[in-house]
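K.L.:
run12.pdb (PDB, C-alpha atoms, pLDDT in the B column) pasted underneath:
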```
ATOM      1  CA  MET K   1     -11.617  40.087  64.658  1.00 60.00           C
ATOM      2  CA  ARG K   2      -9.952  36.862  63.969  1.00 65.00           C
ATOM      3  CA  LYS K   3      -6.453  36.452  62.931  1.00 68.00           C
ATOM      4  CA  ARG K   4      -5.840  34.541  59.704  1.00 67.00           C
ATOM      5  CA  LEU K   5      -3.760  31.487  60.101  1.00 65.00           C
ATOM      6  CA  LYS K   6      -0.979  31.006  57.660  1.00 66.00           C
ATOM      7  CA  ARG K   7      -0.756  27.572  56.107  1.00 66.00           C
ATOM      8  CA  LYS K   8       2.412  25.668  56.419  1.00 65.00           C
ATOM      9  CA  PRO K   9       3.947  24.682  53.072  1.00 61.00           C
ATOM     10  CA  LYS K  10       4.313  20.996  52.341  1.00 64.00           C
ATOM     11  CA  PRO K  11       7.820  19.653  52.634  1.00 62.00           C
ATOM     12  CA  GLY K  12       9.526  19.409  49.233  1.00 56.00           C
ATOM     13  CA  SER K  13       7.248  21.967  47.582  1.00 55.00           C
ATOM     14  CA  ALA K  14       8.541  25.042  45.815  1.00 50.00           C
ATOM     15  CA  ALA K  15       7.221  27.203  48.642  1.00 50.00           C
ATOM     16  CA  THR K  16       9.670  25.687  51.148  1.00 52.00           C
ATOM     17  CA  LEU K  17      12.634  26.937  49.127  1.00 50.00           C
ATOM     18  CA  THR K  18      14.203  30.088  50.425  1.00 56.00           C
ATOM     19  CA  LEU K  19      13.619  32.065  47.265  1.00 50.00           C
ATOM     20  CA  PRO K  20      11.957  35.396  46.677  1.00 53.00           C
ATOM     21  CA  ALA K  21       8.169  35.141  46.420  1.00 53.00           C
ATOM     22  CA  GLY K  22       8.007  35.977  42.696  1.00 50.00           C
ATOM     23  CA  LEU K  23      10.565  33.346  41.821  1.00 47.00           C
ATOM     24  CA  ARG K  24       8.829  30.813  44.044  1.00 50.00           C
ATOM     25  CA  TYR K  25       5.575  31.440  42.170  1.00 52.00           C
ATOM     26  CA  ASN K  26       7.216  31.014  38.760  1.00 53.00           C
ATOM     27  CA  LEU K  27       8.985  27.841  39.848  1.00 48.00           C
ATOM     28  CA  GLY K  28       5.685  26.457  41.120  1.00 53.00           C
ATOM     29  CA  ALA K  29       4.041  27.228  37.783  1.00 57.00           C
ATOM     30  CA  VAL K  30       6.856  25.464  35.932  1.00 55.00           C
ATOM     31  CA  LEU K  31       6.588  22.437  38.201  1.00 56.00           C
ATOM     32  CA  ALA K  32       2.800  22.385  37.782  1.00 59.00           C
ATOM     33  CA  GLY K  33       3.178  22.529  33.967  1.00 59.00           C
ATOM     34  CA  SER K  34       5.807  19.793  33.902  1.00 63.00           C
ATOM     35  CA  GLY K  35       3.037  17.183  33.810  1.00 67.00           C
ATOM     36  CA  ALA K  36       2.166  18.362  30.299  1.00 69.00           C
ATOM     37  CA  LEU K  37       5.852  18.255  29.349  1.00 71.00           C
ATOM     38  CA  PHE K  38       6.162  14.685  30.589  1.00 71.00           C
ATOM     39  CA  LEU K  39       3.013  13.777  28.665  1.00 70.00           C
ATOM     40  CA  ILE K  40       4.441  15.258  25.460  1.00 76.00           C
ATOM     41  CA  ILE K  41       7.728  13.395  25.947  1.00 77.00           C
ATOM     42  CA  ALA K  42       5.880  10.131  26.630  1.00 74.00           C
ATOM     43  CA  LEU K  43       3.786  10.592  23.470  1.00 74.00           C
ATOM     44  CA  LEU K  44       6.897  11.296  21.390  1.00 76.00           C
ATOM     45  CA  VAL K  45       8.628   8.205  22.761  1.00 77.00           C
ATOM     46  CA  ALA K  46       5.540   6.104  22.028  1.00 76.00           C
ATOM     47  CA  TYR K  47       5.298   7.572  18.502  1.00 76.00           C
ATOM     48  CA  MET K  48       8.936   6.742  17.766  1.00 80.00           C
ATOM     49  CA  SER K  49       8.828   3.229  19.202  1.00 82.00           C
ATOM     50  CA  PRO K  50       9.574   0.358  16.796  1.00 85.00           C
ATOM     51  CA  ILE K  51       6.114  -1.132  17.338  1.00 85.00           C
ATOM     52  CA  ALA K  52       4.394   2.152  16.486  1.00 81.00           C
ATOM     53  CA  ARG K  53       6.568   2.576  13.375  1.00 86.00           C
ATOM     54  CA  TYR K  54       5.748  -0.996  12.322  1.00 91.00           C
ATOM     55  CA  ARG K  55       2.023  -0.337  12.743  1.00 89.00           C
ATOM     56  CA  ARG K  56       2.197   2.905  10.754  1.00 87.00           C
ATOM     57  CA  ASP K  57       4.153   1.156   7.979  1.00 92.00           C
ATOM     58  CA  ALA K  58       1.651  -1.718   7.914  1.00 94.00           C
ATOM     59  CA  GLN K  59      -1.276   0.709   7.717  1.00 93.00           C
ATOM     60  CA  ARG K  60       0.472   2.610   4.904  1.00 94.00           C
ATOM     61  CA  ARG K  61       1.071  -0.642   2.966  1.00 94.00           C
ATOM     62  CA  VAL K  62      -2.566  -1.702   3.387  1.00 94.00           C
ATOM     63  CA  ALA K  63      -3.747   1.693   2.143  1.00 93.00           C
ATOM     64  CA  MET K  64      -1.415   1.445  -0.881  1.00 92.00           C
ATOM     65  CA  GLN K  65      -2.641  -2.082  -1.649  1.00 92.00           C
ATOM     66  CA  LYS K  66      -6.244  -0.898  -1.519  1.00 93.00           C
ATOM     67  CA  ALA K  67      -5.447   1.963  -3.894  1.00 92.00           C
ATOM     68  CA  ASP K  68      -3.589  -0.415  -6.243  1.00 91.00           C
ATOM     69  CA  ALA K  69      -6.470  -2.897  -6.156  1.00 92.00           C
ATOM     70  CA  PHE K  70      -8.973  -0.143  -6.958  1.00 94.00           C
ATOM     71  CA  VAL K  71      -7.040   0.899 -10.081  1.00 93.00           C
ATOM     72  CA  ALA K  72      -6.429  -2.721 -11.109  1.00 93.00           C
ATOM     73  CA  HIS K  73     -10.125  -3.585 -10.709  1.00 93.00           C
ATOM     74  CA  GLN K  74     -11.051  -0.663 -12.956  1.00 94.00           C
ATOM     75  CA  ARG K  75      -8.632  -1.968 -15.595  1.00 93.00           C
ATOM     76  CA  TYR K  76     -10.065  -5.496 -15.436  1.00 93.00           C
ATOM     77  CA  GLU K  77     -13.651  -4.210 -15.576  1.00 93.00           C
ATOM     78  CA  SER K  78     -12.855  -1.983 -18.559  1.00 91.00           C
ATOM     79  CA  GLY K  79     -11.736  -5.022 -20.593  1.00 88.00           C
ATOM     80  CA  CYS K  80      -7.942  -4.860 -20.423  1.00 89.00           C
ATOM     81  CA  THR K  81      -6.048  -6.884 -23.014  1.00 87.00           C
ATOM     82  CA  MET K  82      -4.643 -10.186 -21.790  1.00 87.00           C
ATOM     83  CA  PRO K  83      -1.523 -11.045 -23.856  1.00 86.00           C
ATOM     84  CA  TRP K  84      -1.213 -14.663 -25.012  1.00 84.00           C
ATOM     85  CA  VAL K  85       0.881 -16.909 -27.266  1.00 82.00           C
ATOM     86  CA  TYR K  86       0.049 -19.789 -29.582  1.00 81.00           C
ATOM     87  CA  HIS K  87       1.558 -23.229 -29.011  1.00 82.00           C
ATOM     88  CA  ASN K  88       2.454 -25.788 -31.677  1.00 84.00           C
ATOM     89  CA  ASP K  89      -0.349 -28.070 -30.475  1.00 85.00           C
ATOM     90  CA  GLY K  90      -2.923 -25.333 -31.167  1.00 82.00           C
ATOM     91  CA  ALA K  91      -3.377 -24.216 -27.561  1.00 84.00           C
ATOM     92  CA  ILE K  92      -3.088 -20.601 -26.429  1.00 85.00           C
ATOM     93  CA  GLN K  93      -1.486 -19.562 -23.170  1.00 85.00           C
ATOM     94  CA  ALA K  94      -1.850 -16.362 -21.194  1.00 86.00           C
ATOM     95  CA  ILE K  95       1.402 -14.495 -20.529  1.00 86.00           C
ATOM     96  CA  ALA K  96       2.293 -13.292 -17.045  1.00 89.00           C
ATOM     97  CA  LEU K  97       3.174  -9.593 -17.167  1.00 89.00           C
ATOM     98  CA  SER K  98       6.683  -8.313 -16.509  1.00 86.00           C
ATOM     99  CA  GLU K  99       8.120  -4.814 -16.661  1.00 83.00           C
ATOM    100  CA  ASN K 100      11.010  -5.671 -19.019  1.00 85.00           C
ATOM    101  CA  VAL K 101       9.052  -7.081 -21.968  1.00 84.00           C
ATOM    102  CA  VAL K 102       7.653  -5.411 -25.088  1.00 86.00           C
ATOM    103  CA  TYR K 103       4.206  -6.954 -25.548  1.00 83.00           C
ATOM    104  CA  THR K 104       2.725  -7.715 -28.939  1.00 77.00           C
ATOM    105  CA  ASP K 105      -0.839  -8.171 -30.041  1.00 74.00           C
ATOM    106  CA  GLY K 106      -1.522 -11.920 -30.226  1.00 66.00           C
ATOM    107  CA  ASP K 107      -3.723 -11.600 -33.317  1.00 69.00           C
ATOM    108  CA  PHE K 108      -1.504  -9.367 -35.431  1.00 75.00           C
ATOM    109  CA  GLY K 109       1.990  -9.801 -33.950  1.00 74.00           C
ATOM    110  CA  VAL K 110       2.635  -6.045 -33.739  1.00 80.00           C
ATOM    111  CA  PRO K 111       3.730  -4.232 -30.561  1.00 83.00           C
ATOM    112  CA  MET K 112       0.876  -2.932 -28.439  1.00 86.00           C
ATOM    113  CA  ALA K 113       0.185   0.785 -28.644  1.00 88.00           C
ATOM    114  CA  PRO K 114       1.181   3.175 -25.851  1.00 90.00           C
ATOM    115  CA  GLY K 115      -1.733   3.672 -23.492  1.00 91.00           C
ATOM    116  CA  ASP K 116      -3.145   0.166 -23.982  1.00 90.00           C
ATOM    117  CA  LEU K 117      -4.312  -1.434 -20.738  1.00 92.00           C
ATOM    118  CA  VAL K 118      -2.947  -4.944 -20.250  1.00 92.00           C
ATOM    119  CA  CYS K 119      -3.571  -7.534 -17.561  1.00 92.00           C
ATOM    120  CA  ASP K 120      -2.658 -11.119 -16.826  1.00 91.00           C
ATOM    121  CA  ASP K 121      -4.398 -14.089 -15.273  1.00 90.00           C
ATOM    122  CA  ASN K 122      -2.532 -13.633 -11.968  1.00 90.00           C
ATOM    123  CA  GLY K 123      -4.036 -10.247 -11.082  1.00 91.00           C
ATOM    124  CA  LEU K 124      -1.299  -7.923 -12.381  1.00 92.00           C
ATOM    125  CA  SER K 125      -2.333  -5.085 -14.658  1.00 93.00           C
ATOM    126  CA  GLY K 126      -0.594  -2.116 -16.206  1.00 93.00           C
ATOM    127  CA  GLU K 127      -0.416   0.314 -19.057  1.00 93.00           C
ATOM    128  CA  ILE K 128       1.853   0.171 -22.086  1.00 91.00           C
ATOM    129  CA  GLY K 129       4.173   3.168 -21.922  1.00 89.00           C
ATOM    130  CA  GLN K 130       5.746   5.249 -24.679  1.00 88.00           C
ATOM    131  CA  SER K 131       8.756   2.921 -24.695  1.00 84.00           C
ATOM    132  CA  GLY K 132       6.520  -0.117 -25.298  1.00 84.00           C
ATOM    133  CA  TYR K 133       7.197  -1.544 -21.850  1.00 89.00           C
ATOM    134  CA  LEU K 134       4.731  -2.106 -19.024  1.00 89.00           C
ATOM    135  CA  GLU K 135       4.289   0.906 -16.751  1.00 91.00           C
ATOM    136  CA  ASP K 136       2.311   1.533 -13.555  1.00 90.00           C
ATOM    137  CA  PRO K 137       1.830  -2.114 -12.509  1.00 92.00           C
ATOM    138  CA  ARG K 138      -1.024  -2.657 -10.073  1.00 92.00           C
ATOM    139  CA  ARG K 139      -2.186  -5.857  -8.340  1.00 92.00           C
ATOM    140  CA  ALA K 140      -5.879  -6.793  -8.195  1.00 92.00           C
ATOM    141  CA  SER K 141      -7.235  -8.461  -5.080  1.00 90.00           C
ATOM    142  CA  ASP K 142     -10.493  -9.847  -6.499  1.00 91.00           C
ATOM    143  CA  MET K 143      -9.501 -13.112  -8.180  1.00 91.00           C
ATOM    144  CA  ASP K 144     -13.090 -13.764  -9.258  1.00 93.00           C
ATOM    145  CA  LEU K 145     -12.841 -10.640 -11.410  1.00 92.00           C
ATOM    146  CA  VAL K 146      -9.444 -11.780 -12.750  1.00 90.00           C
ATOM    147  CA  ASN K 147     -10.781 -15.250 -13.582  1.00 89.00           C
ATOM    148  CA  GLN K 148     -13.810 -13.729 -15.299  1.00 90.00           C
ATOM    149  CA  ARG K 149     -11.498 -11.581 -17.437  1.00 91.00           C
ATOM    150  CA  PHE K 150      -9.464 -14.694 -18.354  1.00 88.00           C
ATOM    151  CA  ASP K 151     -12.665 -16.484 -19.393  1.00 88.00           C
ATOM    152  CA  ASP K 152     -13.849 -13.464 -21.390  1.00 87.00           C
ATOM    153  CA  SER K 153     -10.469 -13.067 -23.056  1.00 84.00           C
ATOM    154  CA  MET K 154      -9.607 -16.693 -23.823  1.00 81.00           C
ATOM    155  CA  GLY K 155     -12.716 -18.723 -23.139  1.00 75.00           C
ATOM    156  CA  TRP K 156     -13.532 -18.705 -26.842  1.00 77.00           C
ATOM    157  CA  HIS K 157     -10.546 -20.981 -27.536  1.00 77.00           C
ATOM    158  CA  LYS K 158     -10.826 -24.747 -27.137  1.00 80.00           C
ATOM    159  CA  LYS K 159      -7.479 -25.059 -25.265  1.00 79.00           C
ATOM    160  CA  PRO K 160      -6.789 -21.957 -23.165  1.00 79.00           C
ATOM    161  CA  MET K 161      -3.973 -22.330 -20.618  1.00 82.00           C
ATOM    162  CA  ARG K 162      -3.077 -20.249 -17.592  1.00 82.00           C
ATOM    163  CA  SER K 163       0.277 -18.482 -17.493  1.00 82.00           C
ATOM    164  CA  ASN K 164       1.465 -20.499 -14.511  1.00 74.00           C
ATOM    165  CA  VAL K 165       1.337 -23.709 -16.598  1.00 52.00           C
ATOM    166  CA  SER K 166       4.873 -24.251 -17.796  1.00 45.00           C
ATOM    167  CA  PHE K 167       5.635 -25.033 -21.386  1.00 44.00           C
ATOM    168  CA  SER K 168       8.884 -26.193 -22.910  1.00 44.00           C
ATOM    169  CA  ASN K 169      10.514 -25.694 -26.257  1.00 42.00           C
ATOM    170  CA  SER K 170       9.889 -28.788 -28.358  1.00 41.00           C
ATOM    171  CA  ASN K 171      13.026 -28.334 -30.491  1.00 38.00           C
TER     172      ASN K 171
END
```
Kindly return the structure encoded in the file as structure tokens.

P.N.:
Amino acid sequence: MRKRLKRKPKPGSAATLTLPAGLRYNLGAVLAGSGALFLIIALLVAYMSPIARYRRDAQRRVAMQKADAFVAHQRYESGCTMPWVYHNDGAIQAIALSENVVYTDGDFGVPMAPGDLVCDDNGLSGEIGQSGYLEDPRRASDMDLVNQRFDDSMGWHKKPMRSNVSFSNSN
């Protein structure tokens, strides 16, 4: 019968420590599992890095812009009202939307009703709130759709002007 040879432990391993066998085994298991711990720490550090945070923020902004554009496109396709004003020379001009303005109906001169969908020729749309001010502004990304809505809304007039064309008071 042959005698079993005992392997020599590698220098620096947990087995070379002069500890009881049970403790040596547990320490070896902890050291073997430390690779997973280092991996978890490395992943946490990578997740918290400024570059990773920047990428997550950029992805979140892109997702929000897509959601805003979806809602805005629905408003433009549903025939939102494009506010406008008359000029002394007979021209009409679209009005760029702002949150701190009470909008009136261009034909009748009365404030727009709560719940009315409004849009401008720059791609901004919203809903008239209970207070009469613009609420829930959303930006459209399809300028062909915006331009089509401008043409549908004001193309009937002989002198329609975009909102970005400045006008001055002639007084």

K.L.:
Given the file shown, enumerate the residues that the PyMOL selection byres ((chain K and resi 160) around 12) captures and present them as a list in words.

P.N.:
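For this structure, the PyMOL selection byres ((chain K and resi 160) around 12) captures Trp84, Val85, Tyr86, His87, Asp89, Gly90, Ala91, Ile92, Gln93, Ala94, Ile95, Asp121, Phe150, Asp151, Asp152, Ser153, Met154, Gly155, Trp156, His157, Lys158, Lys159, Met161, Arg162, Ser163 and Val165 of chain K.
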
K.L.:
To one decimal place in Å, what is the distance between atom CA of Arg56 of chain K and atom CA of Ser125 of chain K?

P.N.:
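Here the two named atoms are 27.0 Å from each other.
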
K.L.:
Kindly indicate which residue among K:Asn164, K:Phe108, K:Val102, K:Asn88 lies nearest to Leu134 of chain K, using only C-alpha atoms for the distances.

P.N.:
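Of the candidates, the smallest distance to Leu134 of chain K is held by K:Val102.
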
K.L.:
Running the PyMOL selection byres ((chain K and resi 81) around 10) on this model by hand, what would come out? Give it as a VMD selection string.

P.N.:
chain K and resid 75 to 76 78 to 80 82 to 84 105 to 106 112 116 to 120 125 to 127 149 to 150 153

K.L.:
Between atom CA of Arg55 of chain K and atom CA of Asn122 of chain K, what is the distance, to one decimal in Å?

P.N.:
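So the answer is 28.4 Å.
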
K.L.:
What does the distance between atom CA of Ala140 of chain K and atom CA of Pro114 of chain K come to in Å, to one decimal place?

P.N.:
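If I compute the distance from atom CA of Ala140 of chain K to atom CA of Pro114 of chain K, I get 21.5 Å.
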
K.L.:
Do you know which residues are at most 8 Å from Arg138 of chain K counting all atoms listed in the file, after dropping those on the same chain fewer than 5 positions away, and could you put them as a list in words?

P.N.:
Asp68, Ala69, Val71, Ala72, Leu124, Ser125 and Gly126 of chain K

K.L.:
Can you tell me which residues surround Gln130 of chain K at a distance of at most 9 Å, considering all atoms listed in the file, apart from same-chain residues fewer than 3 positions away, and format the answer as a CSV table (one decimal) with C-alpha atoms, keeping the file's coordinate frame?

P.N.:
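out_39.csv, freshly written:
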```csv
chain,number,residue,atom,x,y,z
K,113,ALA,CA,0.2,0.8,-28.6
K,114,PRO,CA,1.2,3.2,-25.9
K,115,GLY,CA,-1.7,3.7,-23.5
K,133,TYR,CA,7.2,-1.5,-21.8
```

K.L.:
Tell me which of K:Ala96, K:Gly123, K:Gly109, K:Leu43 sits closest to Gln148 of chain K, counting all atoms listed in the file.

P.N.:
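Nearest candidate to Gln148 of chain K out of K:Ala96, K:Gly123, K:Gly109, K:Leu43: K:Gly123.
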